[in-house]
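A.B. asks: Below you'll find the structure I mean.
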4 protein chains.
Amino acid sequence: MSGVWGSKVRLSIFGESHGKAIGINIDGLKPGIELDLNYINKEMRRRAPGGSELSTPRKEEDNFEILSGYFNGRTTGTPLCAIIYNKNQHSKDYEKTKNLMRPSHGDLTGHVKYQGFNDYRGGGHFSGRITAPLVFAGAICKQILEKKGIFIGSHIKSISKIEDVSFNMTEIESEILKGLNESKFPVLTEEIGINMKNSIIKAKEEMDSLGGVIETAVNNLPVGLGEPFFDSVESILSHLLFSIPGVKGVEFGEGFNISKLKGSEANDGFYIENEKIKTYSNNNGGILGGITNGMPLIFRTAVKPTPSIAKIQNTVDIQKRENAKIEIKGRHDPCIIPRALPVVEAAAAIAIIQFID
Amino acid sequence: MSGVWGSKVRLSIFGESHGKAIGINIDGLKPGIELDLNYINKEMRRRAPGGSELSTPRKEEDNFEILSGYFNGRTTGTPLCAIIYNKNQHSKDYEKTKNLMRPSHGDLTGHVKYQGFNDYRGGGHFSGRITAPLVFAGAICKQILEKKGIFIGSHIKSISKIEDVSFNMTEIESEILKGLNESKFPVLTEEIGINMKNSIIKAKEEMDSLGGVIETAVNNLPVGLGEPFFDSVESILSHLLFSIPGVKGVEFGEGFNISKLKGSEANDGFYIENEKIKTYSNNNGGILGGITNGMPLIFRTAVKPTPSIAKIQNTVDIQKRENAKIEIKGRHDPCIIPRALPVVEAAAAIAIIQFID
Amino acid sequence: MSGVWGSKVRLSIFGESHGKAIGINIDGLKPGIELDLNYINKEMRRRAPGGSELSTPRKEEDNFEILSGYFNGRTTGTPLCAIIYNKNQHSKDYEKTKNLMRPSHGDLTGHVKYQGFNDYRGGGHFSGRITAPLVFAGAICKQILEKKGIFIGSHIKSISKIEDVSFNMTEIESEILKGLNESKFPVLTEEIGINMKNSIIKAKEEMDSLGGVIETAVNNLPVGLGEPFFDSVESILSHLLFSIPGVKGVEFGEGFNISKLKGSEANDGFYIENEKIKTYSNNNGGILGGITNGMPLIFRTAVKPTPSIAKIQNTVDIQKRENAKIEIKGRHDPCIIPRALPVVEAAAAIAIIQFID
Amino acid sequence: MSGVWGSKVRLSIFGESHGKAIGINIDGLKPGIELDLNYINKEMRRRAPGGSELSTPRKEEDNFEILSGYFNGRTTGTPLCAIIYNKNQHSKDYEKTKNLMRPSHGDLTGHVKYQGFNDYRGGGHFSGRITAPLVFAGAICKQILEKKGIFIGSHIKSISKIEDVSFNMTEIESEILKGLNESKFPVLTEEIGINMKNSIIKAKEEMDSLGGVIETAVNNLPVGLGEPFFDSVESILSHLLFSIPGVKGVEFGEGFNISKLKGSEANDGFYIENEKIKTYSNNNGGILGGITNGMPLIFRTAVKPTPSIAKIQNTVDIQKRENAKIEIKGRHDPCIIPRALPVVEAAAAIAIIQFID
């Protein structure tokens, strides 16, 4: 199935970007949790388009409506369902080109899988818009974790070939992570951030798009979360991350680079300090044997450049079964990386909640 | 839970490397499938140590015993359980150091998670040995797929900093993939393979270890496998890949590199040829919107260098709660990459079987 | 978890009877199925109160709204979510008595389980109203099955001590089942039906309530549905049936009576007729070894008398922790059996869909 | 799937009665639990045939072998797999009649479902023998519950038409339940037990068989276990009970009889005593809204008479596709009820463990 996921907290997602509404049902939240709706709104706004000159002018208000599982300001413990009605949809943008398969999108594969019955408008159920309910659920999980002193934050590690520095792998202050959550374009080095923004504006002018890498950290995780085999922290987290449209790579700690190191360089030696066991380095990204070891959990998510570009592209007409050209009109993002950060963090929060009591 | 995974075909894995036996229960195989036990044995031998001078001299015979679900040479359709009794285990190797947490292993995390009750000998349930039952299950799935014309094969993409070329992303012959399955050290460029082997021998002499990257391809997949959201092909496959001990990164198609391309460079334009829809390039690695598009499925798995090295390392004594040193004796692999290939292919086969009718 | 269920077709239910809305997300329906919304409405009306003088005058309109997974009159194959907004709720009816635990309701257990944070109004998530989304999902599954020639129908087997005859166990015409679906008070013997109705009216006058047993049949099932062990047809079906509020017993075929027969009396001997294998008797209710054998699937569901009666009852005040009395005002059903039939059939349809290709 | 079940503690069952071995993998047990192997053996012996003159002389030793998840006398917290090798199997008993479908067995349905590839000998995966691993798992769960003061015990409520009295529904001493576990033929009224035994011996002489009903009680359950909708205690428990071969009915509390009572008679009024909330009556069997209320959990399981009788029966030859007669030779039980008690209790223990922390 596609729409259901989770063990301790189960998510059931639904919606097409041009259908009536998108939403998510969250089952397994503990009763009595006070929800900060402003916090949720803030996370939703980080994801929503129309927030800056770097993204599409297309506005999505993403006002959610909680239908159940929430009473007198607290979770009831019963399933909590939230929906977002779709407005401001320009469905006609898609009517003329519905038989032209947009390259690098899910048009063709969705058409074959659903035998032509899928809602193709705006990407339907494949649309990045369906990440909005995911961010909603993630915002609830993030709050729960923050109350336990666990913070999740990300910065843009790279836009195209422009790279920022990395987190300090062995220690990350909660204040830093919270600060990154507040930023519209979070980077660790300001000048590099300016270069990144300029390259995005340039790509927009060239009717092209850029991709990037997001680096995320979670601090203060207790030791012992995760399972040695099929439900390791990496497994659960990557399962969710790769559900996000556009993600093509996930790595933990030193990631692909760790394969270039020798064992003597890669191994994280242990030491004890103030009764707490730590490691001198953290090439393993806070996870050993699939289980958290108390060091910061660090991972990187690679997102491909936005497929919807205005340049003319080669495609096929699925009805006529012949080669064709496509020119994607409409209002699209030159770079979705800033908007993808809260989605990646939502995935992290939802994954970790599966393991926390 | 840790040991149970799957939807259409469910796996339930068990075993500690120094316990009585390790094994796997496979539930959901169709009835009447003729199993080639030699094929399974061959895959198991690819994984087993003691096969070459590059790996540990420690021998594991890995003779499996099928207990159920197999009658008159064919699957019955009922759960098929196979076990491998543990022999040739030098349990005393671990007795003296049981309180010393080996760096980059699951010792510490397993100790905390299981409150000290886990079987610590040889890594227990965290041992790479537990991949043997996974290869068994994968060998069954690979056979089933091959009968449908779907082939899975891998080559060593890199050992440490030494890199081989990549697969031709748009077309891969089944013969090439089958040939790679037969090789003990599969590479695409012979001289590079020789360099790689030399570096492994050198690391062994230095009492150190090396990691690497495995590149895997699956050809002839039908269009339409996978689900748009939570059970995309990337999600299901990475979930299994990150269950393999030592894996720290997974990428599809161009992977992390795709984030450096512009949309116009990254997008895979469509064309039709002989009634079949293909793409000019395959930066997406055969998956669009989480669903196969008929182009080769290509992915890369990064494996960290073997944590068990003979050099003295910094650690802690978990009982005395103080810093200590550890010198890991015993017979360990300087590089497990060649042995990890069949495990990665097993993960791929098991993942794809979830989607195939 | 409570709200998620299913394997091939997954349901995710949510809602409190006095919350904003109740609903269900259905994941796994095949694409391209034409949905008859009138059929669904008809099933919903069978369940809704206010339909006859036998039930409560309280009206629930149960107008559903499909939010996703439905496009141009057909299922898309992506998750289909339907909601029903709650109106006509007299929430004040419950405010005064919120600390008085209604006997035989889920008030006390819900209060303890959810630590007092549950929405107690009208039973909250325990309310029989939450069966409305279940009937919605069941109506979709019933349509799908009917297109395959499989029909589901029920009659009231008993109200209190008044018993109707049973189905002909070895053969049931689809016309009979369809006819029962159309009736407001479906019985096999008209006079007995009249007696039953009179007893319900009498109970209503006495401010009391009655229970009953529903007998359901499914015909034309193919042979081979179900699994021998954990997911037998009886297991899957009873799992759903016992989810329905008020159900306290489920039996298949001869049910509890079969335990009174000798083997020679109980066994259903086989014979072959027109290439089809049948049984002379059908004491097993169409299921052998957990798997359908092609004979009619027959089962019975026992529903307890409606707990909400107007008579004064003994209870406790959960806040004062002392004995108390409770007088349940409001508009309640003297007998919910006629309204429970479509819910039981929904359960049957949803269960069978798990096994059908 | 058939062989995998559970949420908190997952079971994966395998085996055919004439295959190499049967067994079960249990995933999710907490680490550090001291297992009493004698206790497990005792439960296994209650189930095994050959234990008395009432059952078949066929001996099954059921010596189990724990392969993993158990170290130094305690659970490790990793998956615990136990197998039982099949010996003393008279496979030739089945060879001649393999095309004759035994009435009321899973022969026909298994043949169709598995397209003739199933292991038909001795019922294969449909054999009652597969309940042995279930009893093993149940014995572990029973021990865990007993350490928490929760006891499970059953008595034979009826054999054919001979009925014993019922449990005291509002209070059941642990000593009584433990005493019933020790008895080979547990009844509440001794003389009735003698009548029952005589009727079984008579049936054996007549080459016939008898069925019966088992009444089970669980005491000292905390309040709040279970879920309001899909995973109510009744749902989870009946799911497992109906997996047991031969079960055709399950009821809770007053069960089917509750449907004959008026609401004023059926409702269990609350009162408080020594800070504990109780009910005057317990017609609901300890479950309200799908959740335990602290009163004894009482349920009844109806088991059909053993299908294997020596009398000549009508059947079909599945290969010749024509009517035939079958005479089942071999050594079969005239009544499996005494042997089914530990299986029913195992189901109860495994079900409750899903909810207990």
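Every chain in the structure tokens takes a letter, A first, then B, and so on in the order presented; its residues are numbered from 1, and the ligands are numbered from 1 following the presented order.
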Could you pull the residues within 9 Å of Val187 (chain D), counting only C-alpha atoms, minus those fewer than 3 positions along the same chain, as a PyMOL selection string?
C.D. replies: chain D and resi 154-157+164-165+180+183+190+192-193
A.B. asks: For the residues selected in the previous step, produce a file with N, CA and C atoms as a PDB file, in the first residue's frame.
C.D. replies:
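Result file is again.pdb:
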```
ATOM      1  N   SER D 154      -8.767 -22.481  32.242  1.00  0.00           N
ATOM      2  CA  SER D 154      -9.997 -22.892  31.559  1.00  0.00           C
ATOM      3  C   SER D 154     -10.554 -24.170  32.150  1.00  0.00           C
ATOM      4  N   HIS D 155     -11.828 -24.383  31.900  1.00  0.00           N
ATOM      5  CA  HIS D 155     -12.439 -25.681  32.185  1.00  0.00           C
ATOM      6  C   HIS D 155     -13.267 -26.060  30.963  1.00  0.00           C
ATOM      7  N   ILE D 156     -13.572 -27.351  30.901  1.00  0.00           N
ATOM      8  CA  ILE D 156     -14.406 -27.824  29.801  1.00  0.00           C
ATOM      9  C   ILE D 156     -15.844 -27.450  30.140  1.00  0.00           C
ATOM     10  N   LYS D 157     -16.421 -26.543  29.392  1.00  0.00           N
ATOM     11  CA  LYS D 157     -17.791 -26.090  29.645  1.00  0.00           C
ATOM     12  C   LYS D 157     -18.804 -27.135  29.178  1.00  0.00           C
ATOM     13  N   ASP D 164     -21.265 -28.393  31.880  1.00  0.00           N
ATOM     14  CA  ASP D 164     -20.763 -28.081  33.210  1.00  0.00           C
ATOM     15  C   ASP D 164     -21.327 -26.716  33.604  1.00  0.00           C
ATOM     16  N   VAL D 165     -21.210 -26.354  34.883  1.00  0.00           N
ATOM     17  CA  VAL D 165     -21.602 -25.003  35.273  1.00  0.00           C
ATOM     18  C   VAL D 165     -20.555 -24.024  34.754  1.00  0.00           C
ATOM     19  N   LEU D 180      -6.852 -25.529  37.680  1.00  0.00           N
ATOM     20  CA  LEU D 180      -7.392 -26.040  36.420  1.00  0.00           C
ATOM     21  C   LEU D 180      -6.267 -26.349  35.433  1.00  0.00           C
ATOM     22  N   SER D 183      -4.943 -29.849  35.896  1.00  0.00           N
ATOM     23  CA  SER D 183      -5.799 -31.010  35.684  1.00  0.00           C
ATOM     24  C   SER D 183      -5.739 -31.529  34.255  1.00  0.00           C
ATOM     25  N   GLU D 190     -17.303 -32.417  39.396  1.00  0.00           N
ATOM     26  CA  GLU D 190     -16.628 -33.693  39.142  1.00  0.00           C
ATOM     27  C   GLU D 190     -17.520 -34.731  38.452  1.00  0.00           C
ATOM     28  N   ILE D 192     -20.064 -34.363  36.525  1.00  0.00           N
ATOM     29  CA  ILE D 192     -20.286 -34.029  35.126  1.00  0.00           C
ATOM     30  C   ILE D 192     -19.068 -34.423  34.311  1.00  0.00           C
ATOM     31  N   GLY D 193     -17.888 -34.220  34.899  1.00  0.00           N
ATOM     32  CA  GLY D 193     -16.662 -34.617  34.224  1.00  0.00           C
ATOM     33  C   GLY D 193     -16.626 -36.099  33.932  1.00  0.00           C
TER      34      GLY D 193
END
```
A.B. asks: Can you list, as a PyMOL selection string, every protein, DNA or RNA residue that comes within 12 Å of Cys141 (chain B) when you count only C-alpha atoms, leaving out same-chain residues fewer than 3 positions away?
C.D. replies: chain B and resi 9-11+26+28-30+33-36+39-40+43+134-138+144-148+150-152+345-356
A.B. asks: Give as a PyMOL selection string every residue of chain C that touches chain B within 10 Å, counting only C-alpha atoms.
C.D. replies: chain C and resi 7-8+78+227-229
A.B. asks: Restricting the calculation to only C-alpha atoms, which member of C:Val250, C:Leu37, C:Ile312, C:Leu225 is positioned closest to Ile328 (chain C)?
C.D. replies: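 Looking only at the distances to Ile328 (chain C), the closest residue turns out to be C:Ile312.
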A.B. asks: For the structure I just gave you, how does DSSP split region 34-143 of chain D - specifically, which residues are strand (DSSP E or B)? Reply as a PyMOL selection string.
C.D. replies: chain D and resi 34+64-66+70-71+74-75+80-85+100
A.B. asks: Give the alpha helix (DSSP H) residues of region 115-241 of chain A, as DSSP finds them on the backbone, and put them as a ChimeraX atom specification.
C.D. replies: /A:131-147,174-182,190-205,233-241
A.B. asks: Go through C:Pro79, C:Gly15, C:Gly123, C:Pro31 one by one, measure the shortest atom-to-atom distance of each to Ser308 (chain C) using only C-alpha atoms, and give the residue with the smallest value.
C.D. replies: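 For Ser308 (chain C), the nearest of the given residues is C:Gly123.
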A.B. asks: What is the CA of Met169 (chain C)-CA of Asn282 (chain C) distance in Å, reported with one decimal?
C.D. replies: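 Taking CA of Met169 (chain C) as the start and CA of Asn282 (chain C) as the end point, the length is 5.8 Å.
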A.B. asks: At a cut-off of 10 Å, using only C-alpha atoms, what residues contact region 239-245 of chain D? Leave out same-chain residues fewer than 3 positions from it and give the result as a ChimeraX atom specification.
C.D. replies: /C:227-240,242,251,288-290 /D:2,5-6,105-106,126-131,134,231,233-236,248-250,301-304,306,340,343-348,350-351
A.B. asks: How many Å lie between CA of Pro133 (chain A) and CA of Ile13 (chain A), rounded to one decimal?
C.D. replies: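 Here the two named atoms are 7.3 Å from each other.
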A.B. asks: Which residues are near Glu53 (chain D)? Cut-off 10 Å, only C-alpha atoms, ignore same chain within fewer than 4 positions. Put them as a list of chain:residue names.
C.D. replies: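 In the requested form, the answer reads D:Pro49, D:Pro57, D:Lys197, D:Ile200, D:Ile201, D:Asp333.
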A.B. asks: For N, CA, C and O atoms, I'd like the residues from the last selection saved as a PDB file, in the first residue's frame.
C.D. replies:
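Result file follows (out_1.pdb):
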```
ATOM      1  N   PRO D  49      -0.739 -35.316  22.103  1.00  0.00           N
ATOM      2  CA  PRO D  49      -1.571 -36.512  22.144  1.00  0.00           C
ATOM      3  C   PRO D  49      -0.855 -37.645  22.866  1.00  0.00           C
ATOM      4  O   PRO D  49       0.329 -37.523  23.188  1.00  0.00           O
ATOM      5  N   PRO D  57      -3.717 -42.822  20.718  1.00  0.00           N
ATOM      6  CA  PRO D  57      -2.487 -43.402  21.253  1.00  0.00           C
ATOM      7  C   PRO D  57      -1.242 -42.855  20.564  1.00  0.00           C
ATOM      8  O   PRO D  57      -0.127 -43.065  21.001  1.00  0.00           O
ATOM      9  N   LYS D 197     -16.362 -37.886  30.241  1.00  0.00           N
ATOM     10  CA  LYS D 197     -15.354 -38.879  29.840  1.00  0.00           C
ATOM     11  C   LYS D 197     -16.007 -40.137  29.282  1.00  0.00           C
ATOM     12  O   LYS D 197     -15.553 -40.708  28.279  1.00  0.00           O
ATOM     13  N   ILE D 200     -17.077 -39.732  25.791  1.00  0.00           N
ATOM     14  CA  ILE D 200     -15.953 -39.732  24.838  1.00  0.00           C
ATOM     15  C   ILE D 200     -15.529 -41.166  24.535  1.00  0.00           C
ATOM     16  O   ILE D 200     -15.301 -41.531  23.376  1.00  0.00           O
ATOM     17  N   ILE D 201     -15.451 -41.956  25.584  1.00  0.00           N
ATOM     18  CA  ILE D 201     -15.051 -43.349  25.375  1.00  0.00           C
ATOM     19  C   ILE D 201     -16.077 -44.051  24.500  1.00  0.00           C
ATOM     20  O   ILE D 201     -15.738 -44.828  23.598  1.00  0.00           O
ATOM     21  N   ASP D 333      -7.989 -38.734  17.441  1.00  0.00           N
ATOM     22  CA  ASP D 333      -8.682 -38.377  18.676  1.00  0.00           C
ATOM     23  C   ASP D 333     -10.187 -38.457  18.536  1.00  0.00           C
ATOM     24  O   ASP D 333     -10.744 -37.904  17.589  1.00  0.00           O
TER      25      ASP D 333
END
```
A.B. asks: So which one's closest to Ser209 (chain B), A:Glu175, A:Glu61, A:Glu265, A:Glu254? Using only C-alpha atoms, please.
C.D. replies: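 Closest candidate: A:Glu265.
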A.B. asks: Residues within 9 Å of Lys278 (chain A), please, as a list in words. Count only C-alpha atoms; anything in the same chain fewer than 6 positions from it doesn't count.
C.D. replies: Thr170, Gly269, Phe270, Tyr271, Ile272, Asn293, Gly294 and Met295 of chain A
A.B. asks: Select, from D:Gly263, D:Gly212, D:Gly19, D:Gly50, the residue with the minimum atom-to-atom distance to Arg121 (chain D), counting only C-alpha atoms.
C.D. replies: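 Of D:Gly263, D:Gly212, D:Gly19, D:Gly50, the one nearest Arg121 (chain D), counting only C-alpha atoms, is D:Gly19.
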A.B. asks: If we count only C-alpha atoms, what is near Asn198 (chain B) at a cut-off of 12 Å, once residues fewer than 3 positions away on the same chain are taken out, given as an MDAnalysis selection string?
C.D. replies: chainID B and resid 53:54 159:160 162 191:195 201:205 210 334:335
A.B. asks: Next, the residues of the selection above should be written as a PDB file, in the first residue's frame with N, CA and C atoms.
C.D. replies:
```pdb
ATOM      1  N   GLU B  53      41.926 -14.993  -0.283  1.00  0.00           N
ATOM      2  CA  GLU B  53      42.996 -14.468   0.589  1.00  0.00           C
ATOM      3  C   GLU B  53      42.685 -13.038   1.015  1.00  0.00           C
ATOM      4  N   LEU B  54      41.684 -12.449   0.377  1.00  0.00           N
ATOM      5  CA  LEU B  54      41.341 -11.072   0.717  1.00  0.00           C
ATOM      6  C   LEU B  54      40.516 -11.007   1.996  1.00  0.00           C
ATOM      7  N   ILE B 159      36.728   0.848  -3.798  1.00  0.00           N
ATOM      8  CA  ILE B 159      37.316   0.371  -2.543  1.00  0.00           C
ATOM      9  C   ILE B 159      38.146   1.548  -2.057  1.00  0.00           C
ATOM     10  N   SER B 160      37.776   2.066  -0.891  1.00  0.00           N
ATOM     11  CA  SER B 160      38.436   3.272  -0.390  1.00  0.00           C
ATOM     12  C   SER B 160      38.371   4.356  -1.460  1.00  0.00           C
ATOM     13  N   ILE B 162      39.790   4.234  -4.462  1.00  0.00           N
ATOM     14  CA  ILE B 162      39.974   3.705  -5.830  1.00  0.00           C
ATOM     15  C   ILE B 162      38.611   3.447  -6.462  1.00  0.00           C
ATOM     16  N   GLU B 191      41.997  -3.730 -14.504  1.00  0.00           N
ATOM     17  CA  GLU B 191      43.197  -3.174 -13.844  1.00  0.00           C
ATOM     18  C   GLU B 191      42.822  -2.507 -12.528  1.00  0.00           C
ATOM     19  N   ILE B 192      41.697  -1.823 -12.558  1.00  0.00           N
ATOM     20  CA  ILE B 192      41.244  -1.171 -11.326  1.00  0.00           C
ATOM     21  C   ILE B 192      40.978  -2.219 -10.264  1.00  0.00           C
ATOM     22  N   GLY B 193      40.441  -3.350 -10.684  1.00  0.00           N
ATOM     23  CA  GLY B 193      40.189  -4.429  -9.739  1.00  0.00           C
ATOM     24  C   GLY B 193      41.480  -4.917  -9.098  1.00  0.00           C
ATOM     25  N   ILE B 194      42.526  -4.978  -9.887  1.00  0.00           N
ATOM     26  CA  ILE B 194      43.813  -5.418  -9.334  1.00  0.00           C
ATOM     27  C   ILE B 194      44.327  -4.417  -8.307  1.00  0.00           C
ATOM     28  N   ASN B 195      44.195  -3.124  -8.624  1.00  0.00           N
ATOM     29  CA  ASN B 195      44.600  -2.092  -7.659  1.00  0.00           C
ATOM     30  C   ASN B 195      43.832  -2.237  -6.365  1.00  0.00           C
ATOM     31  N   ILE B 201      44.992  -6.054   0.499  1.00  0.00           N
ATOM     32  CA  ILE B 201      46.070  -6.836   1.097  1.00  0.00           C
ATOM     33  C   ILE B 201      46.952  -5.943   1.945  1.00  0.00           C
ATOM     34  N   LYS B 202      47.195  -4.743   1.438  1.00  0.00           N
ATOM     35  CA  LYS B 202      48.033  -3.785   2.187  1.00  0.00           C
ATOM     36  C   LYS B 202      47.358  -3.417   3.512  1.00  0.00           C
ATOM     37  N   ALA B 203      46.065  -3.169   3.465  1.00  0.00           N
ATOM     38  CA  ALA B 203      45.361  -2.805   4.701  1.00  0.00           C
ATOM     39  C   ALA B 203      45.439  -3.951   5.699  1.00  0.00           C
ATOM     40  N   LYS B 204      45.333  -5.172   5.186  1.00  0.00           N
ATOM     41  CA  LYS B 204      45.379  -6.337   6.074  1.00  0.00           C
ATOM     42  C   LYS B 204      46.725  -6.396   6.788  1.00  0.00           C
ATOM     43  N   GLU B 205      47.787  -6.119   6.014  1.00  0.00           N
ATOM     44  CA  GLU B 205      49.120  -6.136   6.623  1.00  0.00           C
ATOM     45  C   GLU B 205      49.265  -5.041   7.671  1.00  0.00           C
ATOM     46  N   LEU B 210      39.308  -1.497   5.083  1.00  0.00           N
ATOM     47  CA  LEU B 210      38.817  -0.565   4.072  1.00  0.00           C
ATOM     48  C   LEU B 210      37.316  -0.753   3.836  1.00  0.00           C
ATOM     49  N   PRO B 334      39.598  -7.698   6.385  1.00  0.00           N
ATOM     50  CA  PRO B 334      40.093  -6.333   6.148  1.00  0.00           C
ATOM     51  C   PRO B 334      39.112  -5.541   5.283  1.00  0.00           C
ATOM     52  N   CYS B 335      38.307  -6.251   4.523  1.00  0.00           N
ATOM     53  CA  CYS B 335      37.341  -5.549   3.675  1.00  0.00           C
ATOM     54  C   CYS B 335      36.189  -6.504   3.334  1.00  0.00           C
TER      55      CYS B 335
END
```
